[in-house]
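Single-structure report; data block below.
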Amino acid sequence: MGDFTGTTALVTGGTSGIGLTVVRRLVAEGAHVVVTGRRQHALDTVAAELGDAVTTVQGDVAVLEDVQRVSEVITARGEQLALVFANAGGGEFAPLGQISWDHYATTFNANVGGVINTVQAALPYLSRGSAIVLTGSNIDVKGNPAFSVYAATKAAVRSLARSWAAELVERGVRVNVVAPGPIGTPGLSGLAGSPEDAEALLGGLAAGVPMQRLGTEDEVADAVLFLGSPRSSYVTGTVLYVDGGASQV
């Protein structure tokens, strides 16, 4: 019996990496999970693995029409949401002097607009005791070359969480951020242009962590499930850094 037995959760960006790991863990703890993703074939793979424990919805959280479909699916289930994990997002390198309007707009639409769309769409389905967890990043308090726009979006996510925590406290809904550092995910490797570049990137990132290694998807999922469950009932408006001490030591 898990903390989420008999509940319904929403996970955006739930077809790979941290999102998929959280989906699997929620299902293992007894939840039914509404999973969103942009790639239908990836959603089909998730559905084939987890069966009736998930409902998949294809779409981009930065597009309001797609988010509306998510609302319709939740309405059809007729259940409240115990957890919203607003995880979808991403980013690319762009050094100062090469930041285009498209890079700025795409990154903010995905990482900030998508979070706003998701949380506003989920609001009618949240009752006292529900939790919202947003995916941030430890880069929100660090300065890394070529990551300025991405870092700004994650700082915005941190700010949104604090404001929303204050707004929703009377409803008994908690809002927190999980902020990973370098985690060994396909998305992180994908930032590099080649396998050789990926190896160098991951090695360099690990060397900058006090614990001298990358984190794992399960370690981030542990934090998400903690923040999303009654075990963290006295925690709201916080950022939980899962980064091997990189932002703190």
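Ligands are numbered from 1 in the order shown, chains are lettered A, B, ... in the order of the structure tokens, and residues start at 1 in each chain.
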- Report the residues of segment 31-226 of chain A whose backbone DSSP state falls under alpha helix (DSSP H), written as a PyMOL selection string. chain A and resi 40-50+64-77+101-108+114-122+148-168+186-189+195-207+217-226
What does the file look like for those residues with C-alpha atoms, as a tab-separated table (two decimals), in the first residue's frame?
```
chain	number	residue	atom	x	y	z
A	40	GLN	CA	2.37	9.76	-29.58
A	41	HIS	CA	4.64	6.75	-30.11
A	42	ALA	CA	6.30	7.39	-26.72
A	43	LEU	CA	2.88	7.63	-25.07
A	44	ASP	CA	1.90	4.35	-26.72
A	45	THR	CA	4.99	2.73	-25.22
A	46	VAL	CA	4.05	3.98	-21.74
A	47	ALA	CA	0.48	2.71	-22.18
A	48	ALA	CA	1.72	-0.68	-23.33
A	49	GLU	CA	3.95	-0.98	-20.26
A	50	LEU	CA	1.54	0.28	-17.59
A	64	LEU	CA	-3.72	25.94	-24.64
A	65	GLU	CA	-5.83	23.72	-26.91
A	66	ASP	CA	-3.70	20.72	-25.97
A	67	VAL	CA	-3.98	21.49	-22.26
A	68	GLN	CA	-7.76	21.70	-22.67
A	69	ARG	CA	-7.74	18.07	-23.82
A	70	VAL	CA	-6.03	17.14	-20.57
A	71	SER	CA	-8.81	18.88	-18.63
A	72	GLU	CA	-11.42	16.95	-20.60
A	73	VAL	CA	-9.75	13.65	-19.77
A	74	ILE	CA	-9.64	14.46	-16.05
A	75	THR	CA	-13.26	15.59	-16.14
A	76	ALA	CA	-14.25	12.32	-17.77
A	77	ARG	CA	-12.59	10.35	-14.97
A	101	TRP	CA	13.94	35.82	-30.11
A	102	ASP	CA	12.91	32.30	-31.09
A	103	HIS	CA	15.23	30.76	-28.49
A	104	TYR	CA	13.89	33.09	-25.81
A	105	ALA	CA	10.22	32.63	-26.72
A	106	THR	CA	10.41	28.86	-27.17
A	107	THR	CA	12.21	28.33	-23.87
A	108	PHE	CA	9.91	30.59	-21.86
A	114	GLY	CA	3.61	25.37	-19.96
A	115	VAL	CA	3.76	25.34	-16.16
A	116	ILE	CA	1.20	28.13	-15.90
A	117	ASN	CA	-1.12	26.39	-18.38
A	118	THR	CA	-0.83	23.07	-16.56
A	119	VAL	CA	-1.48	24.42	-13.07
A	120	GLN	CA	-4.39	26.62	-14.14
A	121	ALA	CA	-5.99	23.70	-16.00
A	122	ALA	CA	-5.60	21.48	-12.93
A	148	SER	CA	21.12	32.30	-19.17
A	149	VAL	CA	17.66	32.00	-20.75
A	150	TYR	CA	17.07	28.48	-19.44
A	151	ALA	CA	18.24	29.52	-15.95
A	152	ALA	CA	15.89	32.52	-16.05
A	153	THR	CA	12.94	30.24	-16.77
A	154	LYS	CA	13.79	28.06	-13.78
A	155	ALA	CA	14.13	31.11	-11.54
A	156	ALA	CA	10.67	32.09	-12.75
A	157	VAL	CA	9.36	28.63	-11.83
A	158	ARG	CA	10.78	29.06	-8.33
A	159	SER	CA	9.02	32.42	-8.03
A	160	LEU	CA	5.72	31.06	-9.33
A	161	ALA	CA	5.78	28.28	-6.76
A	162	ARG	CA	6.21	30.69	-3.88
A	163	SER	CA	3.42	32.97	-5.07
A	164	TRP	CA	1.06	30.07	-5.75
A	165	ALA	CA	1.84	28.50	-2.38
A	166	ALA	CA	0.66	31.73	-0.76
A	167	GLU	CA	-2.44	31.89	-2.96
A	168	LEU	CA	-3.50	28.28	-2.39
A	186	PRO	CA	18.77	10.91	-22.02
A	187	GLY	CA	17.82	14.58	-22.15
A	188	LEU	CA	21.06	15.64	-20.50
A	189	SER	CA	23.17	13.60	-22.90
A	195	PRO	CA	28.65	10.66	-28.05
A	196	GLU	CA	32.15	12.00	-27.44
A	197	ASP	CA	30.81	15.44	-26.54
A	198	ALA	CA	28.20	13.81	-24.28
A	199	GLU	CA	30.88	11.89	-22.40
A	200	ALA	CA	32.88	15.05	-21.89
A	201	LEU	CA	29.78	17.00	-20.83
A	202	LEU	CA	28.65	14.41	-18.29
A	203	GLY	CA	32.15	13.99	-16.90
A	204	GLY	CA	32.54	17.71	-16.48
A	205	LEU	CA	29.19	18.06	-14.77
A	206	ALA	CA	29.92	15.21	-12.37
A	207	ALA	CA	33.28	16.77	-11.47
A	217	GLU	CA	16.17	9.58	-11.98
A	218	ASP	CA	15.00	7.55	-8.97
A	219	GLU	CA	16.67	9.98	-6.58
A	220	VAL	CA	14.68	12.83	-8.10
A	221	ALA	CA	11.51	10.71	-8.09
A	222	ASP	CA	12.00	10.09	-4.36
A	223	ALA	CA	11.90	13.85	-3.82
A	224	VAL	CA	8.84	14.32	-6.05
A	225	LEU	CA	6.88	11.61	-4.26
A	226	PHE	CA	7.86	13.07	-0.90
```
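Between atom CA of Pro145 of chain A and atom CA of Met211 of chain A the separation is 22.1 Å.
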- Query: If we count only C-alpha atoms, what is near Asp3 of chain A at a cut-off of 12 Å, once residues fewer than 6 positions away on the same chain are taken out, given as a ChimeraX atom specification?
  - Reply: /A:9,25-31,82-83,225-232
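For the set A:Leu134, A:Val112, A:Ala146, A:Leu240, the residue with the smallest atom-to-atom gap to Glu92 of chain A is A:Ala146, counting only C-alpha atoms.
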- Tell me, in Å to one decimal, how far atom CA of Ser233 of chain A is from atom CA of Leu214 of chain A. 29.0 Å
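Straight-line separation from atom CA of Val23 of chain A to atom CA of Ala53 of chain A: 9.7 Å.
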- Item | Test item, strand (DSSP E) assignment across segment 52-219 of chain A, answer as a list in words | Val54, Thr55, Thr56, Val57, Gln58, Leu81, Ala82, Leu83, Val84, Phe85, Ala86, Leu126, Ser127, Arg128, Gly129, Ser130, Ala131, Ile132, Val133, Leu134, Thr135, Arg174, Val175, Asn176, Val177, Val178, Ala179 and Pro180 of chain A
- Looking at only C-alpha atoms, which of A:Val173, A:Val63, A:Val178, A:Ile183 is the one that sits closest to Val239 of chain A? A:Val178
